[in-house]
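*Asks:* Before we start, here is the structure in question, set down as structure tokens.
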There are 2 protein chains.
Amino acid sequence: MPIAETPVRLPIPSLPCGYRMGGVHAGLKRNPTREDVSLVVSDVPAVAAGVYTTNLVFAAPVAHDRSLTPGRGIRGVVVNSGNANACTGARGLDDARAMAAAAATAVGAAGDAMLVLSTGIIGEFLPMEKVTAGITAAAGRLGTDDDAAITAARGMMTTDTRPKLAGRAVRVGAGSVTIFGMAKGAAMIGPRLATMLGVVLTDATLEPDDAQRILREACDQTFNCVSVDGHTSTNDTVLLLANGAAGGKSLAGADLDAFGAALVETCEVLAREIADDGEGATHVLRVEVTGCRTREEARQIARTVADSPLVKTAIHGADPNWGRIVSAAGYAGVPFDPTRLVLRLNGTLLFRDGAPVAFDADAVSASLGASREALIELDLASGPASVRFHSSDLTAEYVRLNADYHT
Amino acid sequence: MPIAETPVRLPIPSLPCGYRMGGVHAGLKRNPTREDVSLVVSDVPAVAAGVYTTNLVFAAPVAHDRSLTPGRGIRGVVVNSGNANACTGARGLDDARAMAAAAATAVGAAGDAMLVLSTGIIGEFLPMEKVTAGITAAAGRLGTDDDAAITAARGMMTTDTRPKLAGRAVRVGAGSVTIFGMAKGAAMIGPRLATMLGVVLTDATLEPDDAQRILREACDQTFNCVSVDGHTSTNDTVLLLANGAAGGKSLAGADLDAFGAALVETCEVLAREIADDGEGATHVLRVEVTGCRTREEARQIARTVADSPLVKTAIHGADPNWGRIVSAAGYAGVPFDPTRLVLRLNGTLLFRDGAPVAFDADAVSASLGASREALIELDLASGPASVRFHSSDLTAEYVRLNADYHT
């Protein structure tokens with residue numbers, strides 16, 4: 001997978017106040033041009049929130065971060081790629097703590113002030129000498145410019161073809177605060193990897209409980225509505241740091257709502273990027289399910305459609321194969337009346353009243369072939385709830401990446 | 001997909017007493033060498049049971065058969081392939097009933113004595129002239145020999161490469177009865193198809209409630225433990241006909257138990273054949289999950305592992321990628337203690353005590369490469385329940401079959 005050589009720019013004029021970051025190549029990845037250890041550092045102690053994988057088999061860094069979030073006094077995040085530190089038992093947990101301690105020492109923070117993210121091969125122990133050398137090197141190259149942010153984001157990549165960045169400025173009270181997020185995709189390299197990671201930074205002031213609540217809500221609407229292969233990783237983590245460097249009191253009321261909305265928008269961009277950069281993908285599937293009784297039911301239907309290999313291969317083949325979509329909705333485990341179901345594909349009506357609708361299959365196929373995004377709209381006409389879900393198509397390249405590259 | 005030219009033989013010396021069958025090409029499939037309408041006829045009214053898709057979007061033949069099973073007075077089954085008669089509304093139900101009526105007329109049965117199975121394209125109306133002409137032709141060619149059974153089984157095939165047949169003789173009381181089953185796989189041709197169908201015939205005497213119960217139990221252990229792509233079809237149906245032609249009273253007690261066990265064995269052979277003939281498959285995955293609190297929990301873990309694209313591509317690549325298997329078990333939604341989990345792949349221990357185990361990766365990879373079946377054994381060490389689940393691997397050929405062949 002070549003990394004895109006197109007210039008990458010920050011999505012905002014500058015990073016949130018009071019953060020420095022950077023990434024280096026420490027030798028966990030074979031390719032010396034690829035960063036594999038990153039540091040994100042807040043100049044002052046920050047409030048931190050975290051949302052983690054629901055997998056029972058979770059990695060050591062997840063255990064470490066869970067014990068510290070939500071909370072105060074966090075100075076930053078140390079990230080490595082190339083090794084997930086998952087399924088590594090007690091030694092793995094010791095290694096995660098040692099990473100945090102090394103990072104704290106390198107940036108002059110307290111011993112328990114650093115969060116840890118790892119992504120890469122499952123079931124191998126971290127090469128701690130390389131990791132600690134990388135942490136020291138990264139600490140010496142922290143910056144606040146585009147290059148610093150981009151190398152930090154590249155340091156969390158595995159088979160991603162490009163760093164994923166998003167951000168917003170948010171008006172609060174008389175001033176404004178900044179949100180900046182970076183993420184890596186649900187992808188594999190070794191190929192023992194399968195992880196999504198995200199770090200969102202802001203210079204707003206937030207209370208820990210508020211930070212945790214709005215991060216969970218944002219993840220629920222964005223990162224929890226994205227799938228490449230439906231395989232929940234051992235390491236999935238999204239962190240939010242709020243260091244208050246923009247000044248002002250803790251956000252509340254309408255300001256907190258505005259901030260929460262901007263956080264959703266930021267995470268939405270990153271989540272869509274993850275699906276777009278799914279391994280071997282030629283299409284992003286955007287599944288919009290409306291008219292459900294609850295949001296959870298809408299998501300369950302959207303996820304079932306988005307994960308169906310038959311739907312994913314049909315979209316890859318630019319085939320308006322609506323029977324696969326309707327039948328996937330039917331086995332999602334959500335009760336609904338099939339005769340009220342309405343399906344549109346790229347805007348064209350394909351199914352209504354429980355029976356086929358005449359449509360121009362060639363035109364819909366041409367539309368699917370011409371656009372990177374395929375829009376699947378399902379209306380159940382049974383309630384007020386809706387969801388937007390992103391996925392990628394299933395291609396022979398996905399199989400090649402995951403079958404032919406040996407561990 | 002070429003149809004296997006190797007000779008196919010019945011798995012039993014002869015069909016159960018009192019059944020005739022046959023298949024013809026009626027023009028629903030383009031290839032004139034492929035049968036697409038089949039008839040199975042009992043000389044006398046039979047007890048019939050049925051197990052059907054759980055998909056809310058179910059096809060017209062499913063609605064027809066559900067209304068007649070479990071019950072008495074069934075004279076047979078009419079089958080077509082090439083068109084699923086699904087998502088076809090009221091006209092589809094009329095067509096399914098017309099198929100049943102035409103078949104009843106052709107074999108001299110009462111109007112409501114025939115069950116119907118369809119598999120093929122979703123969302124197109126049946127070409128009823130071709131279907132009824134095929135029914136008449138099939139009725140004129142019914143037989144009791146190998147050729148009759150094989151053409152009948154071929155008449156339910158879509159992208160299957162071979163008919164799937166199984167059978168047993170069962171000692172009951174002083175005599176014996178015979179079970180014969182045929183099935184088609186979870187596969188597509190149009191490519192709008194995705195169906196498993198099964199017909200099991202016996203000359204034993206069964207009460208309708210007993211027939212329904214043992215068929216449901218057998219399906220629960222076999223056809224409900226097989227997956228190719230995890231997509232539950234609109235048409236999935238397994239029928240059991242018991243015509244009592246072997247003589248004797250209704251089976252009960254130990255005889256009924258022996259019969260039920262033989263029914264499970266018959267369905268198990270057919271279910272494994274479906275996974276083995278999965279589209280593009282190069283391996284059958286046999287997932288054995290043991291040590292669970294309940295059978296349903298064991299199945300949920302087995303299904304999650306067997307459906308994971310990462311596990312399926314790893315097996316295709318002969319890669320002993322145990323992290324994918326352990327992490328799939330972890331997101332199955334079943335609570336368990338990962339430190340008690342034990343994983344073996346083709347007999348080799350790969351994971352125990354929450355940490356990696358040293359093993360010869362080259363030897364396990366060679367073993368995976370050399371065998372058609374990949375054996376994944378997961379022991380949760382938490383209870384007495386277990387399950388056996390069959391799946392197929394995920395290959396570029398699967399993607400090609402389902403993306404590149406246009407509707």
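All residue names refer to the structure tokens as shown: chains lettered A, B, ... in order, residues numbered from 1 in each chain, ligands numbered from 1 in order.
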Mind checking which residues fall within 8 Å of segment 140-149 of chain A, counting only C-alpha atoms, ignoring those fewer than 4 positions away in the same chain, and posting them as a ChimeraX atom specification?
*Replies:* /A:9-10,14-15,19-23,39,136,153
*Asks:* Store the residues picked out above in a file with N, CA and C atoms, as an mmCIF file, in the first residue's frame.
*Replies:*
data_model
loop_
_atom_site.group_PDB
_atom_site.id
_atom_site.type_symbol
_atom_site.label_atom_id
_atom_site.label_comp_id
_atom_site.auth_asym_id
_atom_site.auth_seq_id
_atom_site.Cartn_x
_atom_site.Cartn_y
_atom_site.Cartn_z
ATOM 1 N N ARG A 9 -2.582 18.819 4.531
ATOM 2 C CA ARG A 9 -2.585 20.083 5.276
ATOM 3 C C ARG A 9 -3.479 19.938 6.495
ATOM 4 N N LEU A 10 -3.217 20.691 7.502
ATOM 5 C CA LEU A 10 -4.109 20.707 8.660
ATOM 6 C C LEU A 10 -5.464 21.269 8.247
ATOM 7 N N SER A 14 -4.506 26.485 12.803
ATOM 8 C CA SER A 14 -3.417 26.063 13.691
ATOM 9 C C SER A 14 -3.956 25.069 14.696
ATOM 10 N N LEU A 15 -3.054 24.362 15.345
ATOM 11 C CA LEU A 15 -3.443 23.400 16.378
ATOM 12 C C LEU A 15 -4.091 24.143 17.548
ATOM 13 N N TYR A 19 -0.624 22.588 22.807
ATOM 14 C CA TYR A 19 -0.256 21.214 22.470
ATOM 15 C C TYR A 19 0.962 21.210 21.571
ATOM 16 N N ARG A 20 1.830 20.261 21.779
ATOM 17 C CA ARG A 20 2.931 19.992 20.862
ATOM 18 C C ARG A 20 2.889 18.503 20.517
ATOM 19 N N MET A 21 3.407 18.168 19.362
ATOM 20 C CA MET A 21 3.347 16.752 18.971
ATOM 21 C C MET A 21 4.399 16.450 17.914
ATOM 22 N N GLY A 22 4.564 15.154 17.647
ATOM 23 C CA GLY A 22 5.507 14.753 16.611
ATOM 24 C C GLY A 22 5.630 13.243 16.563
ATOM 25 N N GLY A 23 6.116 12.733 15.434
ATOM 26 C CA GLY A 23 6.313 11.287 15.277
ATOM 27 C C GLY A 23 7.672 10.994 14.677
ATOM 28 N N LEU A 39 4.242 11.208 19.864
ATOM 29 C CA LEU A 39 3.910 11.817 21.154
ATOM 30 C C LEU A 39 2.983 12.997 20.916
ATOM 31 N N THR A 136 12.117 8.974 23.316
ATOM 32 C CA THR A 136 13.102 10.030 23.562
ATOM 33 C C THR A 136 13.308 10.883 22.309
ATOM 34 N N ALA A 153 0.335 12.004 13.281
ATOM 35 C CA ALA A 153 -0.767 11.198 12.748
ATOM 36 C C ALA A 153 -0.230 9.998 11.967
#
*Asks:* Which residues of chain A come within 8 Å of chain B, and what is each one's closest atom pair and distance in Å (one decimal), counting only C-alpha atoms, sorted by chain and residue number, as CSV?
*Replies:*
residue,atom,partner,partner_atom,distance
A:Thr54,CA,B:Tyr331,CA,6.9
A:Asn55,CA,B:Tyr331,CA,4.7
A:Leu56,CA,B:Gly330,CA,4.7
A:Val57,CA,B:Gly330,CA,5.0
A:Cys87,CA,B:Ala355,CA,5.2
A:Thr88,CA,B:Ala355,CA,4.9
A:Gly89,CA,B:Ala355,CA,5.0
A:Ile122,CA,B:Gly323,CA,5.5
A:Gly123,CA,B:Pro356,CA,5.7
A:Glu124,CA,B:Pro356,CA,7.4
A:Arg192,CA,B:Gly323,CA,6.4
A:Asp229,CA,B:Pro309,CA,6.3
A:Gly230,CA,B:Ser308,CA,7.4
A:His231,CA,B:Ser308,CA,6.5
A:Thr232,CA,B:Tyr331,CA,6.1
A:Ser233,CA,B:Ser327,CA,6.6
A:Thr234,CA,B:Ser327,CA,6.3
A:Ser308,CA,B:His231,CA,6.5
A:Pro309,CA,B:Asp229,CA,6.3
A:Leu310,CA,B:Asn402,CA,6.8
A:Thr313,CA,B:Ala403,CA,4.7
A:Ala314,CA,B:Ala403,CA,5.1
A:Ile315,CA,B:Ala403,CA,7.5
A:His316,CA,B:Ala403,CA,5.9
A:Gly317,CA,B:Ala403,CA,4.2
A:Ala318,CA,B:Ala403,CA,7.7
A:Asp319,CA,B:His406,CA,6.2
A:Asn321,CA,B:Arg192,CA,6.6
A:Gly323,CA,B:Ile122,CA,5.5
A:Arg324,CA,B:Arg192,CA,6.7
A:Val326,CA,B:Val57,CA,7.4
A:Ser327,CA,B:Val57,CA,5.9
A:Ala328,CA,B:His231,CA,6.6
A:Gly330,CA,B:Leu56,CA,4.7
A:Tyr331,CA,B:Asn55,CA,4.7
A:Pro335,CA,B:Leu56,CA,7.5
A:Phe336,CA,B:Leu56,CA,7.6
A:Asp337,CA,B:Leu56,CA,7.9
A:Pro338,CA,B:Val57,CA,6.1
A:Asp353,CA,B:Gly89,CA,7.8
A:Gly354,CA,B:Gly89,CA,5.4
A:Ala355,CA,B:Thr88,CA,4.9
A:Pro356,CA,B:Gly123,CA,5.7
A:Leu394,CA,B:Val399,CA,7.1
A:Thr395,CA,B:Val399,CA,6.1
A:Ala396,CA,B:Ala396,CA,4.5
A:Glu397,CA,B:Ala396,CA,7.7
A:Val399,CA,B:Ala396,CA,5.8
A:Arg400,CA,B:Ala396,CA,7.1
A:Asn402,CA,B:Thr313,CA,5.7
A:Ala403,CA,B:Gly317,CA,4.2
A:Asp404,CA,B:Gly317,CA,5.4
A:Tyr405,CA,B:Gly317,CA,7.8
A:His406,CA,B:Asp319,CA,6.2
A:Thr407,CA,B:Asp319,CA,6.8
*Asks:* For Ile376 of chain A, list every protein, DNA or RNA residue within 12 Å, evaluated using only C-alpha atoms, and leave out those in the same chain fewer than 5 positions away; present the list as a tab-separated table (two decimals) with N, CA and C atoms, in the first residue's frame.
*Replies:*
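Output contents, as saved in result.tsv:
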chain	number	residue	atom	x	y	z
A	284	VAL	N	-17.01	3.92	-0.96
A	284	VAL	CA	-17.53	4.10	0.39
A	284	VAL	C	-19.03	3.87	0.32
A	285	LEU	N	-19.55	3.03	1.21
A	285	LEU	CA	-21.00	2.86	1.31
A	285	LEU	C	-21.50	3.83	2.38
A	286	ARG	N	-22.45	4.68	2.01
A	286	ARG	CA	-23.13	5.50	3.02
A	286	ARG	C	-24.54	4.95	3.14
A	287	VAL	N	-24.84	4.36	4.28
A	287	VAL	CA	-26.14	3.74	4.49
A	287	VAL	C	-26.95	4.66	5.40
A	288	GLU	N	-28.04	5.18	4.89
A	288	GLU	CA	-28.92	6.07	5.66
A	288	GLU	C	-30.20	5.30	5.94
A	289	VAL	N	-30.43	4.98	7.20
A	289	VAL	CA	-31.65	4.26	7.59
A	289	VAL	C	-32.54	5.22	8.36
A	290	THR	N	-33.76	5.39	7.91
A	290	THR	CA	-34.70	6.31	8.53
A	290	THR	C	-36.01	5.58	8.88
A	301	ILE	N	-29.90	-2.29	11.62
A	301	ILE	CA	-30.21	-2.54	10.20
A	301	ILE	C	-29.09	-2.01	9.31
A	302	ALA	N	-28.63	-0.79	9.60
A	302	ALA	CA	-27.58	-0.20	8.77
A	302	ALA	C	-26.31	-1.06	8.82
A	303	ARG	N	-25.96	-1.52	10.01
A	303	ARG	CA	-24.74	-2.32	10.15
A	303	ARG	C	-24.88	-3.65	9.39
A	305	VAL	N	-26.72	-4.32	6.76
A	305	VAL	CA	-26.61	-4.05	5.32
A	305	VAL	C	-25.15	-3.74	4.96
A	306	ALA	N	-24.51	-2.89	5.78
A	306	ALA	CA	-23.16	-2.43	5.46
A	306	ALA	C	-22.13	-3.54	5.59
A	311	VAL	N	-23.85	-7.42	-0.28
A	311	VAL	CA	-24.08	-6.01	-0.59
A	311	VAL	C	-22.75	-5.36	-0.99
A	312	LYS	N	-21.69	-5.67	-0.24
A	312	LYS	CA	-20.39	-5.03	-0.49
A	312	LYS	C	-19.83	-5.41	-1.86
A	315	ILE	N	-21.92	-3.61	-4.66
A	315	ILE	CA	-21.52	-2.21	-4.84
A	315	ILE	C	-20.18	-2.15	-5.57
A	320	PRO	N	-26.87	-2.74	-9.26
A	320	PRO	CA	-28.00	-2.28	-8.42
A	320	PRO	C	-28.84	-3.45	-7.91
A	321	ASN	N	-28.19	-4.29	-7.13
A	321	ASN	CA	-28.73	-5.59	-6.74
A	321	ASN	C	-29.56	-5.43	-5.47
A	322	TRP	N	-30.76	-4.86	-5.61
A	322	TRP	CA	-31.52	-4.44	-4.44
A	322	TRP	C	-32.01	-5.62	-3.60
A	324	ARG	N	-30.33	-8.04	-2.49
A	324	ARG	CA	-29.36	-8.27	-1.42
A	324	ARG	C	-29.53	-7.27	-0.28
A	325	ILE	N	-29.86	-6.03	-0.63
A	325	ILE	CA	-30.01	-5.00	0.40
A	325	ILE	C	-31.28	-5.25	1.21
A	326	VAL	N	-32.38	-5.49	0.53
A	326	VAL	CA	-33.65	-5.71	1.21
A	326	VAL	C	-33.58	-6.97	2.08
A	329	ALA	N	-31.56	-6.29	5.28
A	329	ALA	CA	-32.39	-5.60	6.27
A	329	ALA	C	-33.31	-6.60	6.97
A	342	VAL	N	-38.99	1.15	1.97
A	342	VAL	CA	-38.67	1.86	0.73
A	342	VAL	C	-37.15	1.91	0.59
A	343	LEU	N	-36.64	1.51	-0.57
A	343	LEU	CA	-35.20	1.52	-0.82
A	343	LEU	C	-34.86	2.40	-2.01
A	344	ARG	N	-33.88	3.27	-1.78
A	344	ARG	CA	-33.31	4.06	-2.88
A	344	ARG	C	-31.81	3.79	-2.93
A	345	LEU	N	-31.29	3.71	-4.15
A	345	LEU	CA	-29.85	3.53	-4.34
A	345	LEU	C	-29.35	4.68	-5.21
A	346	ASN	N	-28.39	5.44	-4.68
A	346	ASN	CA	-27.93	6.66	-5.36
A	346	ASN	C	-29.11	7.51	-5.85
A	347	GLY	N	-30.15	7.56	-5.01
A	347	GLY	CA	-31.29	8.43	-5.29
A	347	GLY	C	-32.40	7.82	-6.12
A	348	THR	N	-32.16	6.63	-6.68
A	348	THR	CA	-33.18	6.00	-7.53
A	348	THR	C	-34.03	5.03	-6.71
A	349	LEU	N	-35.34	5.13	-6.82
A	349	LEU	CA	-36.26	4.23	-6.11
A	349	LEU	C	-36.17	2.83	-6.71
A	350	LEU	N	-35.91	1.82	-5.83
A	350	LEU	CA	-35.76	0.44	-6.33
A	350	LEU	C	-36.81	-0.52	-5.76
A	351	PHE	N	-37.34	-0.22	-4.58
A	351	PHE	CA	-38.23	-1.19	-3.93
A	351	PHE	C	-39.22	-0.44	-3.07
A	364	VAL	N	-28.47	3.32	-13.06
A	364	VAL	CA	-28.03	3.21	-11.67
A	364	VAL	C	-26.64	2.58	-11.62
A	368	LEU	N	-23.28	4.17	-9.98
A	368	LEU	CA	-22.41	3.51	-9.00
A	368	LEU	C	-20.98	3.45	-9.50
A	387	VAL	N	-30.21	6.80	11.34
A	387	VAL	CA	-28.77	6.67	11.54
A	387	VAL	C	-28.06	6.82	10.20
A	388	ARG	N	-26.84	7.30	10.27
A	388	ARG	CA	-25.94	7.30	9.10
A	388	ARG	C	-24.79	6.37	9.41
A	389	PHE	N	-24.48	5.46	8.49
A	389	PHE	CA	-23.46	4.44	8.72
A	389	PHE	C	-22.54	4.39	7.50
A	390	HIS	N	-21.24	4.30	7.73
A	390	HIS	CA	-20.28	4.22	6.63
A	390	HIS	C	-19.57	2.87	6.61
A	391	SER	N	-19.36	2.36	5.42
A	391	SER	CA	-18.62	1.11	5.25
A	391	SER	C	-17.86	1.20	3.93
*Asks:* Return as number ranges by chain the full set of residues in segment 110-261 of chain B whose backbone-based DSSP assignment is helix (DSSP H, G or I).
*Replies:* B: 128-139, 146-154, 208-221, 223-225, 253-261
*Asks:* Can you pull out the residues contacting Ala46 of chain A? Cut-off 8 Å, using only C-alpha atoms, and skip same-chain residues under 3 positions away; I want them as a PyMOL selection string.
*Replies:* chain A and resi 42+72-75+241-244
